[in-house]
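Quick look at structure_22.cif (mmCIF, C-alpha atoms and all ligand atoms):
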```cif
data_model
#
loop_
_atom_site.label_atom_id
_atom_site.label_comp_id
_atom_site.auth_asym_id
_atom_site.auth_seq_id
_atom_site.Cartn_x
_atom_site.Cartn_y
_atom_site.Cartn_z
CA MET A 1 81.32 93.10 51.13
CA LEU A 2 81.89 95.59 53.91
CA PRO A 3 79.19 98.19 54.37
CA GLN A 4 80.18 101.57 53.04
CA THR A 5 79.84 103.02 56.49
CA ALA A 6 80.74 100.85 59.46
CA PRO A 7 77.66 99.98 61.53
CA GLY A 8 77.04 102.64 64.10
CA ALA A 9 79.85 104.90 62.93
CA ASP A 10 78.87 108.47 62.20
CA GLU A 11 81.21 108.81 59.23
CA ALA A 12 80.64 110.64 55.99
CA PRO A 13 79.97 108.19 53.12
CA ARG A 14 82.98 107.23 51.02
CA PRO A 15 82.97 107.77 47.25
CA PRO A 16 80.63 105.30 45.52
CA PRO A 17 82.20 102.07 44.23
CA GLU A 18 82.18 101.12 40.54
CA ARG A 19 78.68 100.39 39.23
CA ALA A 20 79.75 96.92 38.06
CA THR A 21 80.41 95.93 41.68
CA TRP A 22 76.79 96.43 42.72
CA TYR A 23 74.45 96.59 39.69
CA THR A 24 72.20 93.67 38.93
CA ASP A 25 68.92 93.45 37.04
CA PRO A 26 65.66 93.73 38.99
CA GLY A 27 63.21 90.86 38.76
CA LYS A 28 59.91 89.37 39.78
CA VAL A 29 60.36 86.83 42.59
CA PHE A 30 56.83 85.44 42.83
CA ASP A 31 53.21 86.60 42.86
CA ASN A 32 53.33 90.19 44.14
CA LEU A 33 56.99 90.35 45.25
CA TYR A 34 59.72 92.01 43.17
CA PHE A 35 63.48 92.37 43.81
CA VAL A 36 64.85 95.90 43.26
CA GLY A 37 68.14 95.61 45.15
CA THR A 38 71.77 95.18 44.18
CA LYS A 39 74.31 92.35 44.14
CA ILE A 40 75.01 93.06 47.80
CA HIS A 41 71.84 94.48 49.33
CA SER A 42 68.19 93.67 48.95
CA ALA A 43 65.17 95.89 48.47
CA TRP A 44 61.73 94.50 47.75
CA ALA A 45 58.61 95.89 46.13
CA LEU A 46 55.38 94.32 47.35
CA THR A 47 52.50 95.20 45.06
CA THR A 48 48.98 95.55 46.45
CA SER A 49 45.57 96.58 45.12
CA GLU A 50 46.27 100.19 46.22
CA GLY A 51 49.93 100.70 45.40
CA ILE A 52 53.32 99.44 46.49
CA ILE A 53 54.97 98.74 49.84
CA LEU A 54 58.75 99.02 49.47
CA ILE A 55 60.81 97.04 51.97
CA ASP A 56 64.23 98.67 52.44
CA THR A 57 66.13 100.95 50.14
CA VAL A 58 69.82 100.73 49.27
CA TYR A 59 72.52 103.41 49.35
CA ASP A 60 72.07 107.09 48.64
CA TYR A 61 74.13 106.68 45.44
CA ASN A 62 72.29 103.70 43.94
CA SER A 63 68.67 103.90 45.12
CA GLU A 64 67.76 105.96 42.04
CA GLU A 65 68.97 103.33 39.60
CA ALA A 66 68.26 100.13 41.55
CA ILE A 67 64.87 101.11 42.97
CA VAL A 68 63.31 103.90 40.92
CA GLU A 69 64.62 102.73 37.53
CA GLY A 70 64.38 99.07 38.60
CA MET A 71 60.67 99.39 39.28
CA LYS A 72 60.11 101.11 35.94
CA LYS A 73 61.91 98.25 34.15
CA LEU A 74 59.50 95.84 35.83
CA GLY A 75 56.47 97.89 34.78
CA LEU A 76 55.90 99.19 38.31
CA ASP A 77 55.28 102.89 38.98
CA PRO A 78 57.54 104.21 41.76
CA ALA A 79 55.08 107.07 42.29
CA THR A 80 52.64 104.51 43.71
CA VAL A 81 54.95 103.53 46.59
CA LYS A 82 52.82 104.47 49.60
CA TYR A 83 55.00 102.97 52.36
CA VAL A 84 58.73 102.36 52.68
CA ILE A 85 59.59 100.06 55.57
CA ILE A 86 63.25 100.47 56.59
CA SER A 87 64.75 97.47 58.39
CA HIS A 88 67.36 99.64 60.08
CA ALA A 89 69.11 102.99 59.75
CA HIS A 90 72.47 101.99 58.28
CA GLY A 91 73.45 103.69 55.02
CA ASP A 92 73.05 100.51 52.93
CA HIS A 93 69.34 100.27 53.87
CA VAL A 94 68.12 103.80 54.54
CA GLY A 95 70.01 105.57 51.72
CA GLY A 96 66.94 105.94 49.48
CA ALA A 97 64.44 106.93 52.16
CA LYS A 98 64.84 110.67 51.61
CA LEU A 99 64.45 110.26 47.84
CA MET A 100 61.22 108.26 48.25
CA GLN A 101 59.87 110.71 50.85
CA ASP A 102 60.74 113.84 48.88
CA ARG A 103 59.84 112.72 45.36
CA PHE A 104 56.90 110.36 45.84
CA LYS A 105 55.58 111.40 49.28
CA SER A 106 56.00 107.80 50.44
CA ARG A 107 55.45 107.28 54.15
CA ILE A 108 58.65 106.06 55.83
CA VAL A 109 58.33 103.41 58.56
CA MET A 110 61.29 102.76 60.88
CA GLY A 111 61.99 101.81 64.49
CA GLY A 112 62.09 104.70 67.00
CA PRO A 113 65.73 104.21 68.07
CA ASP A 114 66.76 104.25 64.41
CA TRP A 115 64.95 107.52 63.76
CA GLU A 116 67.00 108.84 66.70
CA LEU A 117 70.18 107.44 65.14
CA ILE A 118 69.48 109.44 61.98
CA GLU A 119 68.51 112.58 63.85
CA GLY A 120 71.67 112.41 65.96
CA SER A 121 73.96 111.87 62.97
CA VAL A 122 76.22 114.77 62.04
CA ASN A 123 78.16 113.27 59.13
CA ARG A 124 76.29 110.39 57.52
CA PHE A 125 73.74 112.34 55.46
CA PRO A 126 75.58 114.98 53.42
CA ASN A 127 72.60 115.12 51.02
CA GLY A 128 70.02 115.50 53.79
CA LYS A 129 68.11 113.18 56.10
CA PRO A 130 64.64 111.71 55.77
CA LYS A 131 62.22 113.45 58.13
CA ARG A 132 60.81 111.42 61.03
CA ASP A 133 57.58 109.78 59.94
CA ILE A 134 55.96 106.54 61.16
CA VAL A 135 57.61 104.92 64.19
CA ALA A 136 57.53 101.13 63.83
CA THR A 137 56.41 99.10 66.82
CA ASP A 138 56.46 95.36 67.42
CA GLY A 139 53.36 93.71 65.99
CA GLN A 140 52.27 96.83 64.08
CA LYS A 141 50.39 96.16 60.85
CA ILE A 142 50.98 98.22 57.75
CA THR A 143 47.98 97.70 55.48
CA LEU A 144 47.66 98.85 51.89
CA GLY A 145 44.63 97.69 49.92
CA ASP A 146 44.42 93.91 50.03
CA THR A 147 47.82 93.35 51.66
CA SER A 148 49.12 93.66 55.22
CA VAL A 149 52.66 93.46 56.50
CA THR A 150 53.29 92.80 60.19
CA LEU A 151 56.38 94.38 61.72
CA VAL A 152 58.47 92.31 64.08
CA ALA A 153 60.98 94.15 66.27
CA THR A 154 64.37 92.40 66.22
CA PRO A 155 66.74 94.79 68.02
CA GLY A 156 70.41 93.89 68.08
CA HIS A 157 72.03 94.90 64.82
CA THR A 158 70.68 98.35 65.71
CA GLU A 159 68.33 99.19 68.58
CA GLY A 160 65.43 99.76 66.20
CA THR A 161 65.90 96.91 63.68
CA CYS A 162 62.65 95.37 62.52
CA ARG A 163 61.63 92.62 60.13
CA CYS A 164 58.47 92.15 58.11
CA SER A 165 56.11 89.25 57.93
CA SER A 166 53.37 89.17 55.32
CA ARG A 167 50.40 86.98 54.80
ZN ZN B 1 73.36 97.25 59.08
#
```

Could you render the structure from this file as structure tokens?
Ligand SMILES: [Zn+2]
Amino acid sequence: MLPQTAPGADEAPRPPPERATWYTDPGKVFDNLYFVGTKIHSAWALTTSEGIILIDTVYDYNSEEAIVEGMKKLGLDPATVKYVIISHAHGDHVGGAKLMQDRFKSRIVMGGPDWELIEGSVNRFPNGKPKRDIVATDGQKITLGDTSVTLVATPGHTEGTCRCSSR
């Protein structure tokens, strides 16, 4: 499905689509990895001994239900999300960053050029933008308790796109 906002375009979000087009149940994938995304976009909760690392959010309009309510359904406490790693600053991935930052004081990790993309946007964040927090760099480790995630810069889709590797 097409992203709600075309990549790179500084357009105001369109009205949300019908819930049935995106809603799907959350679930445990394996060990300490849980899926809290939608039919179209993924978001992952990685549990550690000291809380949760969330990898990506979804849109502004469905992060509450998919991520916050999704975690609760799985017995996970969204208030224990200490880090949110955003792969890139398009609306289908960064839409829940402000919610997680404002409500749970989660630290938001994102590539520098993508923080700039958000800060330069006039139209894409009618409900407010997440405030610049941790700037992701290639090879950076995000450690929480017994678990580390290594960030791998993969610019292209956006200048600041990054991926995660965990072991
Ligand atoms: Zn994108």

Let me have all residues with an atom within 7 Å of ligand ZN 1 (chain B), counting only C-alpha atoms and all ligand atoms, laid out as a list in words.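 The neighbouring residues of ligand ZN 1 (chain B) are, in order, Pro7, His88, His90, Asp92 and His157 of chain A.
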
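Taking only C-alpha atoms into account, the polymer residues that have an atom no farther than 12 Å from (58.8, 109.5, 44.0) are Ile52, Leu54, Ser63, Glu64, Ile67, Val68, Glu69, Met71, Lys72, Asp77, Pro78, Ala79, Thr80, Val81, Lys82, Tyr83, Val84, Gly96, Ala97, Lys98, Leu99, Met100, Gln101, Asp102, Arg103, Phe104, Lys105, Ser106 and Arg107 of chain A.
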
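Atom pair CA of Glu50 (chain A) / CA of Thr147 (chain A) has a distance of 8.9 Å (rounded to one decimal).
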
Could you check the closest approach to Cys164 (chain A) for each of A:Val109, A:Ile55, A:Val135, A:Val122 and tell me which residue wins, using all atoms listed in the file?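 Closest to Cys164 (chain A), using all atoms listed in the file: A:Ile55.
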
Exercise on region 58-71 of chain A, axis-aligned box with 5 Å per side, report centre and edge lengths in Å to one decimal, as AutoDock Vina command-line options:
```
--center_x 67.4 --center_y 103.1 --center_z 43.4 --size_x 23.5 --size_y 18.0 --size_z 21.8
```

When you look at Glu11 (chain A) with a cut-off of 9 Å (counting all atoms listed in the file), what residues show up, excluding the ones that are within fewer than 6 positions of it in the same chain? I need them as a PyMOL selection string. chain A and resi 5+121-124

Nearest to Glu116 (chain A): which of A:Glu18, A:Glu159, A:Glu65, A:Asp56 is it, counting all atoms listed in the file? A:Glu159
